[in-house]
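Engineer: Got entry-v1.tsv for you, TSV, C-alpha atoms:
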chain	number	residue	atom	x	y	z
A	924	MET	CA	-49.04	-18.98	-100.26
A	925	LYS	CA	-46.64	-18.78	-103.20
A	926	TRP	CA	-46.98	-14.96	-103.23
A	927	PHE	CA	-46.09	-14.80	-99.53
A	928	VAL	CA	-42.96	-16.85	-100.21
A	929	ILE	CA	-41.97	-14.63	-103.14
A	930	LEU	CA	-42.69	-11.48	-101.13
A	931	GLY	CA	-40.60	-12.78	-98.21
A	932	ALA	CA	-37.70	-13.58	-100.52
A	933	VAL	CA	-37.85	-10.11	-102.06
A	934	VAL	CA	-37.83	-8.46	-98.63
A	935	CYS	CA	-34.86	-10.58	-97.56
A	936	LEU	CA	-32.99	-9.71	-100.75
A	937	LEU	CA	-33.67	-6.01	-100.26
A	938	PHE	CA	-32.48	-6.23	-96.64
A	939	VAL	CA	-29.30	-8.07	-97.59
A	940	GLY	CA	-28.71	-5.63	-100.44
A	941	ALA	CA	-29.04	-2.70	-98.06
A	942	VAL	CA	-26.59	-4.31	-95.64
A	943	ALA	CA	-24.16	-5.04	-98.48
A	944	TRP	CA	-24.47	-1.45	-99.71
A	945	ALA	CA	-23.75	-0.13	-96.22
A	946	GLU	CA	-20.79	-2.48	-95.95
A	947	GLU	CA	-19.37	-1.13	-99.20
A	948	GLU	CA	-19.75	2.42	-97.93
A	949	ILE	CA	-17.91	1.64	-94.67
A	950	PRO	CA	-15.66	-1.39	-95.34
A	951	ASN	CA	-14.72	-2.89	-91.99
A	952	GLU	CA	-13.53	0.37	-90.39
A	953	LEU	CA	-14.14	1.98	-87.04
A	954	THR	CA	-17.30	4.05	-86.81
A	955	PRO	CA	-17.04	7.65	-85.55
A	956	GLU	CA	-18.30	6.44	-82.17
A	957	GLU	CA	-15.63	3.73	-82.05
A	958	GLN	CA	-12.96	6.23	-83.11
A	959	ALA	CA	-14.08	8.53	-80.31
A	960	GLU	CA	-13.95	5.67	-77.82
A	961	LEU	CA	-10.43	4.71	-78.98
A	962	ALA	CA	-9.31	8.34	-78.61
A	963	ARG	CA	-10.81	8.43	-75.11
A	964	ILE	CA	-8.96	5.26	-74.07
A	965	LEU	CA	-5.65	6.47	-75.53
A	966	GLY	CA	-6.08	9.77	-73.73
A	967	MET	CA	-6.41	8.19	-70.30
A	968	GLY	CA	-3.82	8.89	-67.64
A	969	PRO	CA	-1.78	6.26	-65.78
A	970	ASP	CA	-4.27	6.24	-62.89
A	971	ASP	CA	-7.26	5.57	-65.15
A	972	SER	CA	-8.48	2.10	-66.00
A	973	THR	CA	-9.22	0.92	-69.53
A	974	ASN	CA	-10.91	-2.22	-68.23
A	975	THR	CA	-14.09	-0.78	-66.73
A	976	VAL	CA	-15.92	2.52	-66.70
A	977	ASN	CA	-18.45	3.62	-64.09
A	978	VAL	CA	-21.67	5.04	-65.52
A	979	ASP	CA	-24.29	6.82	-63.44
A	980	ILE	CA	-27.79	5.44	-64.06
A	981	PRO	CA	-30.83	6.62	-62.08
A	982	GLY	CA	-31.16	4.24	-59.17
A	983	ALA	CA	-28.13	2.13	-60.07
A	984	GLN	CA	-24.53	2.14	-61.18
A	985	CYS	CA	-23.45	0.10	-64.17
A	986	ILE	CA	-19.92	-1.17	-64.72
A	987	TYR	CA	-19.26	-2.48	-68.21
A	988	PRO	CA	-16.14	-3.34	-70.22
A	989	LYS	CA	-14.74	-0.61	-72.46
A	990	GLY	CA	-11.40	-2.02	-73.46
A	991	ALA	CA	-12.56	-3.69	-76.67
A	992	TRP	CA	-15.24	-3.66	-79.34
A	993	ALA	CA	-16.33	-5.86	-82.22
A	994	VAL	CA	-16.76	-4.93	-85.88
A	995	ILE	CA	-19.31	-7.33	-87.43
A	996	THR	CA	-19.32	-7.74	-91.22
A	997	LYS	CA	-19.96	-10.10	-94.17
A	998	PRO	CA	-23.71	-10.93	-94.11
A	999	TYR	CA	-24.95	-14.19	-95.66
A	1000	PHE	CA	-28.11	-15.10	-97.53
A	1001	PHE	CA	-29.12	-18.40	-99.15
A	1002	SER	CA	-32.25	-19.24	-101.09
A	1003	CYS	CA	-32.32	-22.45	-103.12
A	1004	ASN	CA	-33.29	-26.14	-102.96
A	1005	LEU	CA	-29.95	-27.33	-101.61
A	1006	ASP	CA	-28.48	-27.58	-98.11
A	1007	PRO	CA	-26.93	-24.21	-97.15
A	1008	CYS	CA	-23.49	-24.16	-95.56
A	1009	ALA	CA	-21.99	-20.84	-94.52
A	1010	GLU	CA	-18.36	-20.42	-93.48
A	1011	VAL	CA	-17.99	-18.21	-90.41
A	1012	GLN	CA	-14.87	-16.88	-88.79
A	1013	VAL	CA	-13.98	-15.11	-85.56
A	1014	LYS	CA	-10.80	-13.03	-85.32
A	1015	ALA	CA	-9.18	-10.87	-82.68
A	1016	SER	CA	-6.49	-8.20	-82.99
A	1017	VAL	CA	-4.89	-7.68	-79.58
A	1018	ALA	CA	-3.07	-4.38	-79.12
A	1019	GLN	CA	0.12	-4.08	-77.10
A	1020	TRP	CA	-0.32	-2.61	-73.63
A	1021	VAL	CA	2.21	-1.43	-71.08
A	1022	THR	CA	2.37	-0.45	-67.42
A	1023	LEU	CA	5.28	1.49	-65.93
A	1024	SER	CA	5.62	2.07	-62.20
A	1025	LEU	CA	8.37	4.28	-60.73
A	1026	SER	CA	8.83	4.72	-56.99
A	1027	ALA	CA	10.13	8.29	-57.53
A	1028	THR	CA	10.75	10.76	-60.33
A	1029	GLU	CA	12.78	13.38	-58.48
A	1030	ILE	CA	15.75	13.51	-56.16
A	1031	LYS	CA	17.24	16.53	-54.40
A	1032	TRP	CA	20.49	16.44	-52.47
A	1033	TYR	CA	21.08	18.68	-49.43
A	1034	VAL	CA	24.86	18.90	-49.14
A	1035	LEU	CA	26.48	20.23	-45.95
A	1036	LYS	CA	30.11	19.38	-46.71
A	1037	PRO	CA	32.29	18.28	-49.65
A	1038	GLY	CA	32.27	14.58	-50.40
A	1039	CYS	CA	31.16	11.77	-52.68
A	1040	TYR	CA	27.56	10.75	-52.02
A	1041	ASP	CA	25.39	8.03	-53.54
A	1042	THR	CA	21.93	6.62	-52.96
A	1043	LYS	CA	19.35	4.20	-54.33
A	1044	TRP	CA	17.19	6.58	-56.29
A	1045	LEU	CA	14.20	4.81	-57.81
A	1046	PHE	CA	12.70	1.37	-58.11
A	1047	GLY	CA	10.84	0.57	-61.33
A	1048	CYS	CA	8.60	-2.18	-62.64
A	1049	LEU	CA	7.53	-2.55	-66.26
A	1050	THR	CA	5.08	-5.03	-67.76
A	1051	SER	CA	3.91	-5.50	-71.34
A	1052	ASN	CA	2.56	-8.20	-73.64
A	1053	GLY	CA	5.21	-7.49	-76.27
A	1054	ASP	CA	8.81	-6.41	-76.75
A	1055	VAL	CA	9.68	-2.90	-75.59
A	1056	ASP	CA	12.60	-0.49	-75.42
A	1057	LEU	CA	13.38	1.34	-72.18
A	1058	VAL	CA	14.95	4.62	-73.26
A	1059	PHE	CA	16.94	6.99	-71.02
A	1060	SER	CA	17.77	10.44	-72.36
A	1061	GLY	CA	18.77	13.89	-71.14
A	1062	PHE	CA	20.90	12.75	-68.19
A	1063	GLU	CA	23.75	15.25	-67.61
A	1064	ASP	CA	25.98	16.58	-64.84
A	1065	LEU	CA	24.19	18.89	-62.43
A	1066	LYS	CA	24.81	22.47	-63.43
A	1067	LYS	CA	24.69	25.84	-61.72
A	1068	THR	CA	22.08	28.13	-63.25
A	1069	ASP	CA	23.45	30.31	-66.06
A	1070	GLU	CA	27.05	29.33	-65.29
A	1071	ASP	CA	29.49	26.60	-66.25
A	1072	LYS	CA	29.95	25.31	-62.70
A	1073	THR	CA	28.96	21.66	-62.52
A	1074	ILE	CA	28.78	18.75	-60.10
A	1075	PRO	CA	30.07	15.47	-61.59
A	1076	THR	CA	27.07	13.15	-61.60
A	1077	TYR	CA	26.95	9.38	-62.02
A	1078	TYR	CA	24.26	6.73	-62.42
A	1079	LYS	CA	24.05	2.98	-62.07
A	1080	TYR	CA	21.36	0.76	-63.63
A	1081	TRP	CA	20.48	-2.63	-62.14
A	1082	HIS	CA	17.89	-5.20	-63.13
A	1083	TRP	CA	17.19	-8.60	-61.68
A	1084	GLN	CA	19.15	-11.27	-63.55
A	1085	TRP	CA	20.75	-14.50	-62.41
A	1086	GLY	CA	24.49	-14.50	-62.97
A	1087	GLY	CA	24.56	-11.03	-64.49
A	1088	PRO	CA	27.49	-8.67	-63.84
A	1089	TRP	CA	27.09	-6.16	-61.04
A	1090	PRO	CA	26.45	-2.72	-62.58
A	1091	GLN	CA	29.16	-0.08	-62.58
A	1092	TRP	CA	28.92	3.68	-62.11
A	1093	VAL	CA	28.86	5.64	-65.36
A	1094	ARG	CA	28.98	9.36	-65.99
A	1095	ALA	CA	25.57	10.94	-66.58
A	1096	SER	CA	25.99	11.45	-70.32
A	1097	ASN	CA	27.03	7.81	-70.76
A	1098	PHE	CA	23.97	6.62	-68.89
A	1099	ASN	CA	21.71	7.69	-71.76
A	1100	GLY	CA	20.71	4.95	-74.15
A	1101	THR	CA	18.26	2.15	-74.93
A	1102	ARG	CA	17.72	-1.07	-73.02
A	1103	SER	CA	15.81	-3.66	-75.08
A	1104	ILE	CA	13.42	-5.85	-73.10
A	1105	THR	CA	11.79	-9.01	-74.45
A	1106	GLU	CA	8.08	-9.42	-73.62
A	1107	PRO	CA	8.11	-8.51	-69.90
A	1108	ILE	CA	4.65	-10.01	-69.38
A	1109	PHE	CA	5.47	-11.10	-65.82
A	1110	GLY	CA	7.24	-7.87	-64.93
A	1111	TYR	CA	10.68	-6.40	-65.52
A	1112	VAL	CA	12.19	-5.01	-62.32
A	1113	PHE	CA	14.96	-2.42	-62.34
A	1114	ARG	CA	16.61	0.09	-60.02
A	1115	ILE	CA	18.55	3.30	-60.66
A	1116	TYR	CA	21.27	4.62	-58.34
A	1117	ASN	CA	22.59	8.18	-58.26
A	1118	LYS	CA	25.96	9.58	-57.15
A	1119	ILE	CA	27.40	13.10	-56.99
A	1120	GLU	CA	30.93	14.35	-56.29
A	1121	VAL	CA	31.04	17.67	-54.44
A	1122	SER	CA	34.53	19.17	-54.10
A	1123	HIS	CA	35.92	21.98	-51.95
A	1124	LEU	CA	35.75	24.20	-55.04
A	1125	THR	CA	32.02	23.68	-55.60
A	1126	PRO	CA	30.29	27.06	-55.01
A	1127	ALA	CA	27.30	27.29	-52.70
A	1128	CYS	CA	24.33	27.44	-55.07
A	1129	GLU	CA	21.43	25.50	-56.55
A	1130	TYR	CA	22.26	22.87	-59.17
A	1131	GLU	CA	20.11	20.76	-61.48
A	1132	ASP	CA	20.13	18.69	-64.64
A	1133	PRO	CA	20.03	21.52	-67.23
A	1134	ASN	CA	17.23	20.24	-69.45
A	1135	GLY	CA	15.76	17.51	-67.30
A	1136	ALA	CA	15.88	13.82	-68.14
A	1137	THR	CA	13.29	11.33	-69.36
A	1138	ILE	CA	12.57	7.63	-68.99
A	1139	CYS	CA	10.42	6.47	-71.91
A	1140	VAL	CA	9.02	3.14	-73.07
A	1141	THR	CA	8.69	2.36	-76.79
A	1142	LEU	CA	6.20	-0.37	-77.71
A	1143	LYS	CA	7.81	-2.42	-80.49
A	1144	GLU	CA	4.83	-4.64	-81.38
A	1145	GLN	CA	1.94	-2.19	-81.41
A	1146	LYS	CA	-0.87	-2.66	-83.95
A	1147	THR	CA	-1.17	-0.19	-86.80
A	1148	TRP	CA	-4.81	0.57	-85.94
A	1149	VAL	CA	-3.78	2.00	-82.56
A	1150	LYS	CA	-2.96	5.60	-83.39
A	1151	PRO	CA	-2.61	8.45	-80.89
A	1152	SER	CA	-5.36	11.03	-81.31
Mind turning the file's structure into structure tokens?

Structural biologist:
Amino acid sequence: MKWFVILGAVVCLLFVGAVAWAEEEIPNELTPEEQAELARILGMGPDDSTNTVNVDIPGAQCIYPKGAWAVITKPYFFSCNLDPCAEVQVKASVAQWVTLSLSATEIKWYVLKPGCYDTKWLFGCLTSNGDVDLVFSGFEDLKKTDEDKTIPTYYKYWHWQWGGPWPQWVRASNFNGTRSITEPIFGYVFRIYNKIEVSHLTPACEYEDPNGATICVTLKEQKTWVKPS
């Protein structure tokens, strides 16, 4: 019986030693499979879901969570004549996520006569579990292709806020900038208005923002382990 006990202890020690050796080789990092899964999630489009993935299985369809994984480390072994007591710990590192919904990304005016025209352009909603910056860039006066003829263009930015001042029209170039938003977990609602001034001297032609404009969101509390592939 004593030999069985000794043999069992040796096997356990060898097993724990192998685990410890493997842990030293790969110290609490993502495996290649986990790196590939992270790259797949980061490469998803806005219409894809990171919560569930449908997998075809013969005779059935399985839906399982793919928005998280666990890295399990620090094995424990005790062999003595005292009462063992192992300290265990569970941790979670939650990445910052964001959703951005825009009712439109393009507007085209069809102008029959000179005048000053304005419209509600787009309605937006942004949610995130951390602070973000909403960045507008590239907004300019509409310009005739390959010529200096322009249409004065204005924008107005509104977001829901009790007692806030009503927004004013600003020239396109002054509309560019950063709006800091604090943890819009329940949704940050905004609207953008557009106005153009077409004079009697405006030639008949096609006009557009020369280089196009962008609306970007910068996540300010993202984890360092979330890196674009």

Engineer: Pick out the closest residue to Tyr1040 of chain A from this set: A:Glu1129, A:Glu1144, A:Glu1120, A:Glu1106. Count only C-alpha atoms.

Structural biologist: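 With only C-alpha atoms as the atom set, the closest residue is A:Glu1120.
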
Engineer: Looking at A:Val994, A:Cys1128, A:Leu1025, A:Leu1057, which one is nearest to Trp1044 of chain A, with distances taken over only C-alpha atoms?

Structural biologist: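 Between A:Val994, A:Cys1128, A:Leu1025, A:Leu1057, the residue approaching Trp1044 of chain A most closely is A:Leu1025.
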
Engineer: Choose the residue, out of A:Asn1099, A:Asn1134, A:Ser1024, A:Thr1068, that has the smallest atom-to-atom separation from Arg1114 of chain A; count all atoms listed in the file.

Structural biologist: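 That would be A:Ser1024, the residue with the smallest distance to Arg1114 of chain A.
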
Engineer: Between A:Val1013, A:Val1149, A:Leu1005, A:Cys1039, which residue has the minimum interatomic distance to Ala993 of chain A, considering only C-alpha atoms?

Structural biologist: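 Nearest to Ala993 of chain A: A:Val1013.
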
Engineer: My list of candidates is A:Thr1028, A:Lys1146, A:Pro1090, A:Pro998. Which is closest to Ser1016 of chain A when distances are computed with all atoms listed in the file?

Structural biologist: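 Among A:Thr1028, A:Lys1146, A:Pro1090, A:Pro998, it is A:Lys1146 that comes nearest to Ser1016 of chain A.
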
Engineer: Please report the interatomic distance between atom CA of Val1021 of chain A and atom CA of Gly990 of chain A in Å with one decimal.

Structural biologist: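 So the two atoms, atom CA of Val1021 of chain A and atom CA of Gly990 of chain A, lie 13.8 Å apart.
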
Engineer: Using all atoms listed in the file for the distances, tell me which of A:Asp1056, A:Glu1131, A:Glu1029, A:Asp1041 is nearest to Thr1073 of chain A.

Structural biologist: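 So, comparing all the options, the nearest one is A:Glu1131.
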
Engineer: How many Å separate atom CA of Gly1110 of chain A from atom CA of Phe1098 of chain A?

Structural biologist: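 These two atoms are separated by 22.5 Å.
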
Engineer: If I take atom CA of Lys997 of chain A and atom CA of Val1017 of chain A, how far is one from the other in Å, to one decimal?

Structural biologist: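 So the two atoms, atom CA of Lys997 of chain A and atom CA of Val1017 of chain A, lie 21.1 Å apart.
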
Engineer: Please list as a ChimeraX atom specification every residue within 10 Å of Ala1009 of chain A, counting all atoms listed in the file and excluding residues in the same chain fewer than 3 positions away.

Structural biologist: /A:999-1001,1012

Engineer: Show which residues sit within 12 Å of Thr1050 of chain A, as a PDB file with C-alpha atoms, in the coordinates of the input. Count only C-alpha atoms, and ignore same-chain residues fewer than 4 positions away.

Structural biologist:
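For reference, around-v2.pdb as written:
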ATOM      1  CA  GLN A1019       0.120  -4.080 -77.100  1.00  0.00           C
ATOM      2  CA  TRP A1020      -0.320  -2.610 -73.630  1.00  0.00           C
ATOM      3  CA  VAL A1021       2.210  -1.430 -71.080  1.00  0.00           C
ATOM      4  CA  THR A1022       2.370  -0.450 -67.420  1.00  0.00           C
ATOM      5  CA  LEU A1023       5.280   1.490 -65.930  1.00  0.00           C
ATOM      6  CA  SER A1024       5.620   2.070 -62.200  1.00  0.00           C
ATOM      7  CA  ASP A1054       8.810  -6.410 -76.750  1.00  0.00           C
ATOM      8  CA  VAL A1055       9.680  -2.900 -75.590  1.00  0.00           C
ATOM      9  CA  ASP A1056      12.600  -0.490 -75.420  1.00  0.00           C
ATOM     10  CA  LEU A1057      13.380   1.340 -72.180  1.00  0.00           C
ATOM     11  CA  ILE A1104      13.420  -5.850 -73.100  1.00  0.00           C
ATOM     12  CA  THR A1105      11.790  -9.010 -74.450  1.00  0.00           C
ATOM     13  CA  GLU A1106       8.080  -9.420 -73.620  1.00  0.00           C
ATOM     14  CA  PRO A1107       8.110  -8.510 -69.900  1.00  0.00           C
ATOM     15  CA  ILE A1108       4.650 -10.010 -69.380  1.00  0.00           C
ATOM     16  CA  PHE A1109       5.470 -11.100 -65.820  1.00  0.00           C
ATOM     17  CA  GLY A1110       7.240  -7.870 -64.930  1.00  0.00           C
ATOM     18  CA  TYR A1111      10.680  -6.400 -65.520  1.00  0.00           C
ATOM     19  CA  VAL A1112      12.190  -5.010 -62.320  1.00  0.00           C
ATOM     20  CA  PHE A1113      14.960  -2.420 -62.340  1.00  0.00           C
ATOM     21  CA  VAL A1140       9.020   3.140 -73.070  1.00  0.00           C
ATOM     22  CA  LEU A1142       6.200  -0.370 -77.710  1.00  0.00           C
TER      23      LEU A1142
END
